[in-house]
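Text of the file upload_24.cif, holding mmCIF, C-alpha atoms and all ligand atoms:
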```cif
data_query
loop_
_atom_site.label_atom_id
_atom_site.label_comp_id
_atom_site.auth_asym_id
_atom_site.auth_seq_id
_atom_site.Cartn_x
_atom_site.Cartn_y
_atom_site.Cartn_z
CA MET A 8 -38.56 7.28 -130.49
CA GLU A 9 -37.38 10.68 -131.64
CA PHE A 10 -35.14 13.27 -130.06
CA SER A 11 -33.68 16.47 -131.36
CA LEU A 12 -31.61 19.32 -130.03
CA PRO A 13 -31.55 22.87 -131.35
CA SER A 14 -28.79 23.48 -133.87
CA PRO A 15 -26.65 25.32 -133.14
CA CYS A 16 -27.11 24.45 -129.49
CA PRO A 17 -26.96 27.23 -126.88
CA CYS A 18 -24.10 25.26 -125.26
CA GLY A 19 -21.98 26.27 -128.24
CA ARG A 20 -21.53 22.79 -129.64
CA ILE A 21 -22.75 21.11 -132.73
CA HIS A 22 -23.98 17.84 -131.27
CA PRO A 23 -23.41 14.66 -133.25
CA VAL A 24 -26.52 13.17 -134.80
CA PRO A 25 -26.94 9.64 -133.39
CA SER A 26 -27.06 7.10 -136.16
CA TYR A 27 -29.16 4.50 -134.43
CA GLU A 28 -32.81 3.81 -134.84
CA ILE A 29 -34.91 3.23 -131.74
CA LEU A 30 -38.29 1.55 -131.85
CA THR A 31 -40.44 1.17 -128.75
CA GLY A 32 -43.99 -0.08 -128.26
CA ARG A 33 -46.04 -3.22 -128.41
CA GLY A 34 -45.06 -5.69 -131.13
CA VAL A 35 -42.06 -3.77 -132.52
CA VAL A 36 -40.01 -6.99 -132.50
CA ARG A 37 -41.93 -8.01 -135.62
CA ALA A 38 -40.37 -5.08 -137.47
CA LEU A 39 -36.89 -6.61 -137.12
CA PRO A 40 -36.74 -8.51 -140.47
CA GLU A 41 -37.89 -5.47 -142.41
CA LYS A 42 -35.43 -3.18 -140.59
CA LEU A 43 -32.57 -5.56 -141.34
CA ALA A 44 -33.61 -5.97 -144.97
CA ARG A 45 -33.76 -2.21 -145.40
CA ARG A 46 -30.08 -2.15 -144.43
CA ALA A 47 -29.40 -4.89 -147.01
CA LEU A 48 -28.74 -7.38 -144.20
CA ARG A 49 -29.76 -10.93 -145.03
CA ARG A 50 -28.63 -13.29 -142.32
CA PRO A 51 -28.46 -12.20 -138.67
CA PHE A 52 -26.61 -14.06 -135.92
CA LEU A 53 -28.70 -14.23 -132.73
CA LEU A 54 -27.30 -14.54 -129.25
CA TYR A 55 -29.29 -15.11 -126.08
CA ASP A 56 -29.14 -17.10 -122.85
CA ARG A 57 -31.39 -19.52 -121.03
CA ASN A 58 -33.55 -16.75 -119.58
CA THR A 59 -34.10 -14.94 -122.83
CA ALA A 60 -34.52 -18.06 -125.00
CA PRO A 61 -38.36 -17.75 -125.09
CA PHE A 62 -38.03 -14.23 -126.50
CA ALA A 63 -35.36 -15.42 -128.95
CA ASP A 64 -38.02 -17.88 -130.16
CA GLU A 65 -40.28 -14.91 -130.94
CA VAL A 66 -37.47 -13.27 -132.89
CA LYS A 67 -36.75 -16.50 -134.77
CA ALA A 68 -40.45 -16.83 -135.62
CA ALA A 69 -40.54 -13.26 -136.94
CA LEU A 70 -37.45 -13.89 -139.08
CA SER A 71 -38.76 -17.21 -140.39
CA SER A 72 -42.13 -15.82 -141.34
CA ALA A 73 -40.34 -13.07 -143.29
CA GLY A 74 -38.32 -15.78 -145.05
CA MET A 75 -35.03 -14.61 -143.52
CA ASP A 76 -32.27 -17.12 -142.67
CA PHE A 77 -30.37 -16.83 -139.43
CA SER A 78 -27.83 -18.58 -137.19
CA PHE A 79 -27.77 -18.47 -133.41
CA TYR A 80 -26.03 -19.30 -130.19
CA GLY A 81 -27.99 -19.71 -126.99
CA PHE A 82 -25.77 -19.66 -123.91
CA PRO A 83 -26.84 -22.57 -121.70
CA GLU A 84 -26.33 -20.41 -118.60
CA ALA A 85 -28.98 -18.41 -116.82
CA GLU A 86 -26.38 -16.29 -114.99
CA LEU A 87 -23.86 -15.18 -117.56
CA ALA A 88 -20.71 -13.27 -116.59
CA PRO A 89 -19.30 -10.83 -119.19
CA ASP A 90 -15.87 -12.44 -119.10
CA GLU A 91 -13.26 -14.16 -121.30
CA ARG A 92 -15.12 -17.45 -121.22
CA ALA A 93 -18.41 -16.02 -122.46
CA ALA A 94 -16.71 -13.83 -125.07
CA GLY A 95 -14.57 -16.77 -126.20
CA SER A 96 -17.44 -19.20 -126.62
CA LEU A 97 -19.45 -16.58 -128.46
CA VAL A 98 -16.63 -15.88 -130.94
CA MET A 99 -16.13 -19.61 -131.47
CA ARG A 100 -19.83 -20.08 -132.21
CA PHE A 101 -20.12 -17.14 -134.59
CA ASP A 102 -21.25 -18.07 -138.08
CA PRO A 103 -19.15 -16.04 -140.54
CA ARG A 104 -21.91 -16.22 -143.14
CA CYS A 105 -23.90 -13.83 -140.96
CA ASP A 106 -23.90 -10.14 -141.83
CA ALA A 107 -25.54 -8.79 -138.64
CA VAL A 108 -25.46 -9.45 -134.89
CA VAL A 109 -28.73 -9.45 -132.91
CA ALA A 110 -28.65 -9.84 -129.13
CA VAL A 111 -31.82 -10.83 -127.31
CA GLY A 112 -31.34 -9.72 -123.72
CA SER A 113 -30.23 -6.77 -121.65
CA GLY A 114 -27.08 -6.14 -119.53
CA VAL A 115 -24.53 -8.88 -120.17
CA LEU A 116 -25.94 -10.09 -123.49
CA ASN A 117 -25.97 -6.52 -124.77
CA ASP A 118 -22.33 -6.07 -123.73
CA LEU A 119 -21.38 -9.33 -125.46
CA GLY A 120 -23.42 -8.46 -128.55
CA LYS A 121 -21.70 -5.08 -128.89
CA LEU A 122 -18.32 -6.78 -128.49
CA LEU A 123 -19.08 -9.41 -131.15
CA SER A 124 -20.43 -6.77 -133.50
CA SER A 125 -17.32 -4.63 -133.12
CA LEU A 126 -14.98 -7.63 -133.56
CA THR A 127 -16.75 -8.88 -136.67
CA GLY A 128 -17.59 -5.47 -138.12
CA ARG A 129 -21.24 -6.53 -138.48
CA PRO A 130 -24.06 -4.07 -137.70
CA TYR A 131 -25.73 -4.61 -134.36
CA ALA A 132 -29.33 -4.78 -133.18
CA ILE A 133 -30.54 -5.32 -129.63
CA VAL A 134 -33.93 -6.78 -128.81
CA ALA A 135 -34.22 -5.66 -125.20
CA THR A 136 -35.79 -8.09 -122.77
CA ALA A 137 -35.60 -5.89 -119.66
CA PRO A 138 -35.53 -2.13 -119.02
CA SER A 139 -32.79 -2.75 -116.47
CA MET A 140 -29.75 -0.59 -117.30
CA ASP A 141 -28.62 2.30 -119.46
CA GLY A 142 -26.14 0.59 -121.80
CA PHE A 143 -28.49 0.16 -124.77
CA ALA A 144 -27.31 3.20 -126.69
CA SER A 145 -23.71 3.34 -125.49
CA ALA A 146 -20.70 2.35 -127.58
CA THR A 147 -18.85 0.51 -124.81
CA SER A 148 -19.05 -2.93 -123.24
CA SER A 149 -18.63 -3.37 -119.52
CA MET A 150 -16.57 -6.56 -119.19
CA ASP A 151 -14.65 -8.57 -116.58
CA ARG A 152 -11.10 -9.00 -117.88
CA ASP A 153 -8.41 -10.76 -115.85
CA GLY A 154 -10.72 -10.39 -112.89
CA LEU A 155 -11.00 -6.63 -113.35
CA LYS A 156 -13.97 -4.54 -114.46
CA VAL A 157 -13.12 -2.79 -117.74
CA SER A 158 -15.12 -0.66 -120.12
CA LEU A 159 -14.11 -1.67 -123.65
CA PRO A 160 -14.79 0.62 -126.58
CA THR A 161 -17.04 -1.49 -128.83
CA ARG A 162 -19.88 -0.09 -130.92
CA ALA A 163 -23.31 1.39 -130.41
CA ALA A 164 -26.38 -0.46 -131.61
CA ASP A 165 -27.65 0.39 -135.07
CA LEU A 166 -31.11 -0.69 -134.07
CA ILE A 167 -32.67 -0.76 -130.59
CA LEU A 168 -35.97 -2.57 -130.20
CA GLY A 169 -37.92 -2.13 -126.98
CA ASP A 170 -41.03 -4.25 -127.41
CA THR A 171 -43.20 -3.42 -124.42
CA ALA A 172 -44.96 -6.81 -124.59
CA ILE A 173 -41.53 -8.40 -123.97
CA LEU A 174 -40.15 -5.78 -121.58
CA ARG A 175 -43.15 -6.02 -119.24
CA GLU A 176 -42.39 -9.73 -118.73
CA ALA A 177 -38.97 -8.91 -117.23
CA PRO A 178 -38.30 -10.19 -113.70
CA GLU A 179 -39.48 -7.66 -111.12
CA ILE A 180 -35.95 -7.07 -109.85
CA MET A 181 -34.94 -5.89 -113.34
CA LEU A 182 -37.82 -3.42 -113.53
CA LYS A 183 -36.68 -2.07 -110.18
CA ALA A 184 -33.10 -1.91 -111.39
CA GLY A 185 -34.15 0.13 -114.42
CA LEU A 186 -35.92 2.69 -112.28
CA GLY A 187 -32.90 2.69 -109.94
CA ASP A 188 -30.58 3.54 -112.80
CA MET A 189 -32.92 6.40 -113.74
CA LEU A 190 -33.05 7.76 -110.15
CA ALA A 191 -29.26 8.10 -110.36
CA LYS A 192 -29.86 10.92 -112.86
CA TYR A 193 -30.95 13.25 -110.04
CA VAL A 194 -27.38 13.09 -108.81
CA SER A 195 -25.61 12.96 -112.17
CA ILE A 196 -27.24 16.14 -113.52
CA MET A 197 -26.63 17.94 -110.23
CA GLU A 198 -22.94 16.98 -110.16
CA TRP A 199 -22.54 17.94 -113.80
CA ARG A 200 -23.79 21.46 -113.00
CA ILE A 201 -21.64 21.69 -109.86
CA SER A 202 -18.51 20.73 -111.76
CA HIS A 203 -19.42 23.17 -114.53
CA LEU A 204 -19.55 25.88 -111.89
CA ILE A 205 -16.39 24.92 -109.99
CA ASN A 206 -14.16 23.61 -112.79
CA GLY A 207 -15.69 25.21 -115.87
CA GLU A 208 -16.40 21.74 -117.18
CA TYR A 209 -18.47 21.63 -120.37
CA TYR A 210 -22.22 21.51 -119.67
CA CYS A 211 -25.26 21.45 -121.93
CA GLU A 212 -28.57 22.57 -120.45
CA GLU A 213 -30.49 21.08 -123.39
CA VAL A 214 -29.06 17.60 -122.78
CA ALA A 215 -29.63 17.98 -119.03
CA GLY A 216 -33.23 19.06 -119.69
CA MET A 217 -33.81 16.01 -121.86
CA ILE A 218 -32.72 13.72 -119.01
CA ARG A 219 -34.74 15.64 -116.40
CA ALA A 220 -37.88 15.24 -118.53
CA ALA A 221 -37.28 11.50 -118.98
CA LEU A 222 -36.70 11.08 -115.25
CA ARG A 223 -39.85 13.03 -114.41
CA LYS A 224 -41.89 10.72 -116.63
CA CYS A 225 -40.44 7.62 -114.92
CA VAL A 226 -41.19 9.03 -111.47
CA GLU A 227 -44.77 9.95 -112.47
CA GLU A 228 -45.36 6.40 -113.68
CA GLU A 229 -43.48 4.81 -110.78
CA ASP A 230 -46.43 2.99 -109.18
CA ALA A 231 -47.57 1.66 -112.57
CA LEU A 232 -44.16 0.12 -113.21
CA LEU A 233 -44.51 -2.69 -110.69
CA ARG A 234 -48.00 -3.37 -112.02
CA ARG A 235 -46.17 -3.92 -115.32
CA GLU A 236 -48.21 -1.34 -117.19
CA GLU A 237 -46.71 -0.91 -120.61
CA SER A 238 -46.66 2.90 -120.51
CA ALA A 239 -44.52 2.81 -117.35
CA VAL A 240 -42.23 0.09 -118.68
CA GLU A 241 -41.82 2.11 -121.86
CA ALA A 242 -41.04 5.30 -119.90
CA VAL A 243 -38.22 3.56 -118.04
CA PHE A 244 -36.89 1.90 -121.17
CA GLU A 245 -36.92 5.17 -123.10
CA GLY A 246 -35.30 6.99 -120.21
CA LEU A 247 -32.48 4.45 -120.07
CA VAL A 248 -31.93 4.59 -123.83
CA LEU A 249 -31.96 8.37 -123.62
CA GLY A 250 -29.25 8.19 -120.95
CA GLY A 251 -26.99 6.58 -123.53
CA VAL A 252 -28.06 9.02 -126.23
CA ALA A 253 -27.33 11.94 -123.91
CA MET A 254 -23.82 10.65 -123.22
CA LEU A 255 -23.20 10.47 -126.94
CA LEU A 256 -24.60 13.97 -127.51
CA ALA A 257 -22.54 15.46 -124.69
CA GLY A 258 -19.45 13.35 -125.35
CA VAL A 259 -19.14 12.64 -121.61
CA SER A 260 -20.84 10.29 -119.16
CA ARG A 261 -22.02 13.24 -117.03
CA PRO A 262 -25.70 13.16 -118.04
CA ALA A 263 -26.14 9.59 -116.83
CA SER A 264 -23.74 8.88 -114.01
CA GLY A 265 -22.30 10.49 -110.92
CA VAL A 266 -21.02 9.50 -107.51
CA GLU A 267 -23.78 6.88 -107.08
CA HIS A 268 -22.47 5.01 -110.12
CA TYR A 269 -19.00 5.07 -108.54
CA PHE A 270 -20.37 3.35 -105.45
CA SER A 271 -21.76 0.72 -107.83
CA HIS A 272 -18.40 0.39 -109.64
CA ILE A 273 -16.64 -0.24 -106.35
CA PHE A 274 -19.21 -2.85 -105.28
CA ASP A 275 -18.49 -4.58 -108.62
CA MET A 276 -14.71 -4.28 -108.25
CA ARG A 277 -14.80 -5.70 -104.74
CA HIS A 278 -17.04 -8.50 -105.96
CA LEU A 279 -14.47 -9.45 -108.59
CA ALA A 280 -11.46 -9.05 -106.32
CA PHE A 281 -12.78 -10.53 -103.08
CA GLY A 282 -16.05 -12.28 -103.94
CA THR A 283 -18.09 -9.84 -101.86
CA HIS A 284 -21.81 -9.51 -102.58
CA ALA A 285 -23.02 -7.67 -105.68
CA GLU A 286 -26.47 -6.81 -107.03
CA LEU A 287 -27.74 -5.74 -110.45
CA HIS A 288 -26.19 -2.47 -111.59
CA GLY A 289 -29.46 -0.53 -111.26
CA ILE A 290 -30.20 -1.93 -107.80
CA GLN A 291 -26.76 -0.82 -106.62
CA CYS A 292 -27.35 2.58 -108.20
CA ALA A 293 -30.74 2.92 -106.48
CA ALA A 294 -29.26 2.16 -103.07
CA ALA A 295 -26.31 4.48 -103.68
CA THR A 296 -28.59 7.29 -104.90
CA GLY A 297 -30.31 7.18 -101.51
CA ILE A 298 -26.94 7.44 -99.76
CA ALA A 299 -25.69 10.21 -102.06
CA ALA A 300 -28.88 12.25 -101.65
CA ASP A 301 -28.54 12.00 -97.88
CA LEU A 302 -24.91 13.14 -98.08
CA TYR A 303 -25.86 16.09 -100.29
CA ARG A 304 -28.49 17.15 -97.79
CA LYS A 305 -25.81 17.07 -95.09
CA ALA A 306 -23.46 19.05 -97.34
CA LEU A 307 -26.09 21.80 -97.49
CA LEU A 308 -25.59 22.35 -93.77
CA LEU A 309 -21.83 22.90 -94.03
CA THR A 310 -20.16 26.26 -93.62
CA PRO A 311 -17.02 26.22 -95.77
CA ASP A 312 -13.89 27.15 -93.84
CA ARG A 313 -10.79 28.15 -95.80
CA GLU A 314 -8.24 27.38 -93.05
CA LYS A 315 -9.76 24.00 -92.24
CA ALA A 316 -9.80 23.04 -95.93
CA LEU A 317 -6.20 24.13 -96.54
CA ALA A 318 -4.94 22.32 -93.43
CA TYR A 319 -6.77 19.13 -94.42
CA ALA A 320 -5.30 19.13 -97.94
CA ARG A 321 -1.79 19.79 -96.56
CA GLY A 322 -2.12 16.95 -94.10
CA PHE A 323 -3.54 14.47 -96.61
CA ASP A 324 -1.18 11.48 -96.74
CA ARG A 325 -1.34 10.08 -100.26
CA GLU A 326 0.83 7.05 -99.55
CA ASP A 327 -1.37 6.04 -96.68
CA TRP A 328 -4.46 6.61 -98.81
CA ASN A 329 -3.05 4.44 -101.62
CA ARG A 330 -2.57 1.62 -99.11
CA ARG A 331 -6.20 2.00 -98.04
CA LEU A 332 -7.31 1.93 -101.68
CA ARG A 333 -5.39 -1.28 -102.36
CA ARG A 334 -6.91 -2.88 -99.29
CA LEU A 335 -10.41 -1.79 -100.26
CA ILE A 336 -10.40 -2.54 -103.98
CA GLY A 337 -7.58 -5.00 -104.63
CA PRO A 338 -5.70 -5.02 -107.95
CA GLY A 339 -8.20 -2.57 -109.51
CA ALA A 340 -6.75 0.13 -107.25
CA GLU A 341 -3.56 0.37 -109.33
CA ALA A 342 -5.30 2.07 -112.26
CA MET A 343 -6.90 4.57 -109.88
CA ILE A 344 -3.56 5.34 -108.25
CA ALA A 345 -1.91 5.76 -111.66
CA LEU A 346 -4.68 8.12 -112.74
CA GLU A 347 -3.78 10.56 -109.98
CA ASN A 348 -0.22 10.78 -111.34
CA THR A 349 -1.52 12.34 -114.54
CA GLU A 350 -4.47 14.19 -113.04
CA GLY A 351 -2.98 15.79 -109.95
CA LYS A 352 -6.23 16.44 -108.13
CA TYR A 353 -4.35 16.41 -104.80
CA ASP A 354 -1.92 19.06 -106.02
CA LEU A 355 -2.06 21.79 -103.37
CA ARG A 356 -2.02 24.71 -105.81
CA LYS A 357 -4.87 23.24 -107.84
CA HIS A 358 -6.75 22.59 -104.64
CA GLU A 359 -6.33 26.18 -103.50
CA ALA A 360 -7.66 27.48 -106.80
CA ARG A 361 -10.72 25.21 -106.64
CA LEU A 362 -11.29 26.11 -103.01
CA GLU A 363 -11.40 29.84 -103.78
CA THR A 364 -14.09 29.20 -106.40
CA ILE A 365 -16.05 27.01 -103.99
CA LEU A 366 -15.86 29.62 -101.24
CA SER A 367 -16.92 32.49 -103.46
CA ARG A 368 -19.71 30.51 -105.13
CA TRP A 369 -20.95 28.39 -102.24
CA GLU A 370 -24.43 29.94 -102.42
CA GLU A 371 -24.73 29.01 -106.07
CA ILE A 372 -23.51 25.48 -105.34
CA THR A 373 -26.09 24.98 -102.62
CA ALA A 374 -28.76 26.47 -104.89
CA ILE A 375 -27.97 23.81 -107.51
CA ILE A 376 -28.26 21.08 -104.89
CA ARG A 377 -31.64 22.45 -103.74
CA GLU A 378 -32.89 22.71 -107.31
CA GLU A 379 -31.83 19.29 -108.54
CA LEU A 380 -32.27 17.10 -105.48
CA PRO A 381 -35.83 15.80 -105.10
CA PRO A 382 -37.54 16.41 -101.74
CA LYS A 383 -36.47 13.82 -99.16
CA GLU A 384 -40.03 12.42 -98.89
CA THR A 385 -40.24 11.95 -102.66
CA LEU A 386 -37.02 9.99 -103.03
CA ASP A 387 -37.43 8.06 -99.78
CA GLY A 388 -41.01 7.23 -100.81
CA ILE A 389 -39.92 5.82 -104.16
CA LEU A 390 -37.06 3.85 -102.62
CA SER A 391 -39.29 2.36 -99.95
CA ARG A 392 -42.01 1.44 -102.47
CA LEU A 393 -39.30 -0.09 -104.66
CA ALA A 394 -38.55 -2.36 -101.68
CA LEU A 395 -34.99 -3.12 -102.67
CA PRO A 396 -34.11 -6.69 -101.70
CA GLU A 397 -32.90 -7.27 -98.16
CA SER A 398 -29.64 -8.58 -99.69
CA VAL A 399 -28.69 -4.97 -100.60
CA LYS A 400 -27.50 -4.69 -97.00
CA SER A 401 -24.81 -7.28 -97.73
CA LEU A 402 -23.18 -5.01 -100.32
CA SER A 403 -21.13 -3.47 -97.54
CA ASP A 404 -20.93 -3.02 -93.79
CA PRO A 405 -21.13 0.61 -92.57
CA ALA A 406 -17.36 1.03 -91.96
CA THR A 407 -16.50 -0.26 -95.43
CA LEU A 408 -19.24 1.85 -96.99
CA ARG A 409 -17.59 4.94 -95.53
CA GLU A 410 -14.28 3.85 -97.06
CA ILE A 411 -16.04 3.18 -100.37
CA PHE A 412 -17.46 6.69 -100.38
CA PHE A 413 -13.95 8.13 -99.83
CA ALA A 414 -12.67 6.01 -102.73
CA THR A 415 -15.32 7.33 -105.14
CA LYS A 416 -13.15 10.43 -105.56
CA ASP A 417 -10.42 8.31 -107.17
CA ILE A 418 -12.41 6.19 -109.62
CA ARG A 419 -12.08 8.46 -112.65
CA ASP A 420 -11.26 12.07 -113.29
CA LYS A 421 -14.82 13.23 -112.62
CA TYR A 422 -15.52 15.86 -109.99
CA VAL A 423 -18.13 14.31 -107.70
CA LEU A 424 -19.44 14.89 -104.16
CA SER A 425 -16.53 13.13 -102.45
CA ARG A 426 -14.12 15.49 -104.23
CA LEU A 427 -16.09 18.55 -103.22
CA LEU A 428 -16.01 17.36 -99.60
CA TRP A 429 -12.28 16.58 -99.85
CA ASP A 430 -11.72 20.10 -101.16
CA LEU A 431 -13.61 21.46 -98.15
CA GLY A 432 -11.68 19.28 -95.69
CA GLU A 433 -15.00 17.70 -94.67
CA LEU A 434 -14.73 14.30 -96.35
CA GLU A 435 -13.76 12.27 -93.30
CA GLU A 436 -16.09 14.13 -90.96
CA ILE A 437 -19.37 13.78 -92.80
CA GLU A 438 -21.49 10.87 -91.64
CA VAL A 439 -22.11 8.31 -94.37
CA GLY A 440 -25.51 6.61 -94.04
CA SER A 441 -26.05 2.88 -94.25
CA LEU A 442 -27.57 0.60 -96.84
ZN ZN B 1 -25.84 21.53 -126.28
ZN ZN B 2 -26.14 3.13 -115.02
#
```

Could you take the file, read its structure, and then write that structure out as structure tokens?
Ligand SMILES: [Zn+2]
Ligand SMILES: [Zn+2]
Amino acid sequence: MEFSLPSPCPCGRIHPVPSYEILTGRGVVRALPEKLARRALRRPFLLYDRNTAPFADEVKAALSSAGMDFSFYGFPEAELAPDERAAGSLVMRFDPRCDAVVAVGSGVLNDLGKLLSSLTGRPYAIVATAPSMDGFASATSSMDRDGLKVSLPTRAADLILGDTAILREAPEIMLKAGLGDMLAKYVSIMEWRISHLINGEYYCEEVAGMIRAALRKCVEEEDALLRREESAVEAVFEGLVLGGVAMLLAGVSRPASGVEHYFSHIFDMRHLAFGTHAELHGIQCAAATGIAADLYRKALLLTPDREKALAYARGFDREDWNRRLRRLIGPGAEAMIALENTEGKYDLRKHEARLETILSRWEEITAIIREELPPKETLDGILSRLALPESVKSLSDPATLREIFFATKDIRDKYVLSRLLWDLGELEEIEVGSL
């Protein structure tokens, strides 16, 4: 899989050249021994779990027939959590004779593989078993530490193998999750442009265009995905990998995630803190993309009002809000509260400045929303054909979902829909849909 951006780029940056190699298509797993050997790697360490063990057998067979030695650890679990226990047992099983780490899996195994690779300084390859999330090309691991969700800087894969014969065997829910994570890009690209306009945040049209094209391909192939056609599975896999590549090229997470990902983060944080229900990342993103799109359509109907917005910001009670955050999210709220101390998004002078830009450029903002948001029938059609599991409804009751949407403005320093609505004094008046 190839990608290139013009150099110099019209955005004014010289984009880094990603160092990883990405192979997709039928049978590419058999290229692994040769790809390792070409990097002078002689003995990989494989990690996998109970679900991915059959595919690990294929990898082992490919290595054996090439005469390459290897060591391995197969987690006995089928449902692995990316926590201290899993990381600890992996480190304790690592064979120091090995000069490369190869994970056979997707989400959690990929996070653990990146962690082990970064700890041991060994190059990393991922043999993807499901096109289910967009962490293949990213250099971070999403882990549960002390019961909190953290994103640890680890290392990006040197080699990403998406064998469509393996990927198409993924459980249906993981195929759906992958498409869900791609649908999120409608919102992420839109919010990136909006923040560029309001805050002058860096934006690259070339990177955005790359993601739009990948998303379009996934949507065109949408009905073939659940029939497990390899072209559709490959489109989703490539789109997800490209999401990670785009983040690296842009140096920010903007191309791949927006407010819908923040909903998903909060579902995960509440799951860790209170044991509430959680779904696969991409399933949560799919559901939240539907909610975000609906909220954006409602935002189009607003008439910004300077006095209302100023009065709302003046009356905003931060102490009370912090109490609500703690109640909603638990211990994870502390980092969000601390972030505001350095960021100052609630600072009244900063608010006033943003508000003036929003008021004077409201037509441009709504034009971006109209351009980037797919027609309601299109998105609703995809979501209904995806038939997200009934259990999605247990992610949150409607009252909590409303509170979760408010809290999305505090997750990180990104300017997302909930911040725009806060700036307009409309946040608590807009009606948040239900799951
Ligand atoms: Zn650029
Ligand atoms: Zn994602």

Item to check | Residue among A:Leu335, A:Val194, A:Ala306, A:Val259 lying closest to Thr283 of chain A, counting only C-alpha atoms | outcome: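 When distances to Thr283 of chain A are compared using only C-alpha atoms, the smallest one comes from A:Leu335.
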
Item to check | Contacts of Leu97 of chain A within 9 Å, all atoms listed in the file, excl. fewer than 3 positions in-chain, as a list in words | outcome: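 Contacts, in chain order: Leu54, Tyr80, Phe82, Arg92, Ala93, Ala94, Arg100, Phe101, Leu119 and Leu123 of chain A.
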
Checklist entry - Which value, in Å to one decimal, gives the distance between atom CA of Leu317 of chain A and atom CA of Lys352 of chain A? => result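 Between these atoms lies a distance of 13.9 Å.
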
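Proximity of A:Gly185, A:Pro61, A:Gly258, A:Gly216 to ligand ZN 2 (chain B), computed with all atoms listed in the file, is greatest for A:Gly185.
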
Checklist entry - Quick one: residues within 7 Å of ligand ZN 2 (chain B), with only C-alpha atoms and all ligand atoms, as a list in words? => result Met140, Asp141, Asp188, Ala263, Ser264, His268, His288, Gly289 and Cys292 of chain A

Write out as a short mmCIF file (atom, residue, chain, number, x, y, z; two decimals) with C-alpha atoms, in the frame of the given file which residues come within 8 Å of Ser158 of chain A when counting all atoms listed in the file, dropping same-chain ones fewer than 5 positions away.
```
data_model
loop_
_atom_site.label_atom_id
_atom_site.label_comp_id
_atom_site.auth_asym_id
_atom_site.auth_seq_id
_atom_site.Cartn_x
_atom_site.Cartn_y
_atom_site.Cartn_z
CA THR A 147 -18.85 0.51 -124.81
CA SER A 148 -19.05 -2.93 -123.24
CA SER A 149 -18.63 -3.37 -119.52
CA MET A 150 -16.57 -6.56 -119.19
#
```

Checklist entry - When you draw a straight line from atom CA of Ile411 of chain A to atom CA of Glu326 of chain A, how long is it in Å? => result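 Distance reported for this atom pair: 17.3 Å.
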
Item to check | Contacts with ligand ZN 1 (chain B) at most 7 Å, all atoms listed in the file counted, listed as a list in words | outcome: Cys16, Pro17, Cys18, Gly19, Arg20, His22, Cys211, Glu212, Glu213 and Val214 of chain A

Within 12 Å of segment 62-75 of chain A, which residues of segment 151-177 of chain A come that close, and what is the closest atom pair and distance in Å for each? Count only C-alpha atoms and give it as JSON lines.
```
{"residue": "A:Leu168", "atom": "CA", "partner": "A:Val66", "partner_atom": "CA", "distance": 11.1}
{"residue": "A:Asp170", "atom": "CA", "partner": "A:Phe62", "partner_atom": "CA", "distance": 10.5}
{"residue": "A:Ala172", "atom": "CA", "partner": "A:Phe62", "partner_atom": "CA", "distance": 10.3}
{"residue": "A:Ile173", "atom": "CA", "partner": "A:Phe62", "partner_atom": "CA", "distance": 7.3}
{"residue": "A:Leu174", "atom": "CA", "partner": "A:Phe62", "partner_atom": "CA", "distance": 10.0}
{"residue": "A:Glu176", "atom": "CA", "partner": "A:Phe62", "partner_atom": "CA", "distance": 10.0}
{"residue": "A:Ala177", "atom": "CA", "partner": "A:Phe62", "partner_atom": "CA", "distance": 10.7}
```

Any chance you could tabulate, as CSV, the residues of segment 162-254 of chain A at most 8 Å from segment 379-392 of chain A with each one's nearest atom pair and distance in Å to one decimal, using all atoms listed in the file, in chain and rising number order?
```
residue,atom,partner,partner_atom,distance
A:Tyr193,CA,A:Leu380,CA,6.1
A:Val194,CA,A:Leu380,CA,7.1
A:Ile196,CA,A:Glu379,CA,7.5
A:Met197,CA,A:Glu379,CA,5.6
A:Glu229,CA,A:Ile389,CA,7.6
```

Checklist entry - Restricting the calculation to all atoms listed in the file, which member of A:Leu182, A:Ala360, A:Leu12, A:Ala215 is positioned closest to Arg313 of chain A? => result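 For Arg313 of chain A, the nearest of the given residues is A:Ala360.
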
Checklist outcome for this item: Correct to one decimal, the distance atom CA of Gly112 of chain A-atom CA of Ala135 of chain A is 5.2 Å

Next on the checklist: Counting all atoms listed in the file, find residues at most 10 Å from (-22.2, 11.1, -94.2) (file frame) and give them as an MDAnalysis selection string.
Outcome noted: chainID A and resid 298:299 301:306 409 412 433:441

Using only the atoms of segment 308-321 of chain A listed in the file, plus 5 Å on each side, state the axis-aligned box centre and edge lengths in Å rounded to one decimal, as JSON.
```
{"center_x": -13.7, "center_y": 23.6, "center_z": -95.1, "size_x": 33.8, "size_y": 19.0, "size_z": 15.7}
```

Next on the checklist: So that I can check the surroundings of Arg321 of chain A, please list as a ChimeraX atom specification every protein, DNA and RNA residue that reaches within 12 Å of it, counting only C-alpha atoms and ignoring chain neighbours fewer than 3 positions away.
Outcome noted: /A:314-318,324-325,353-356,358-359,429-430,432
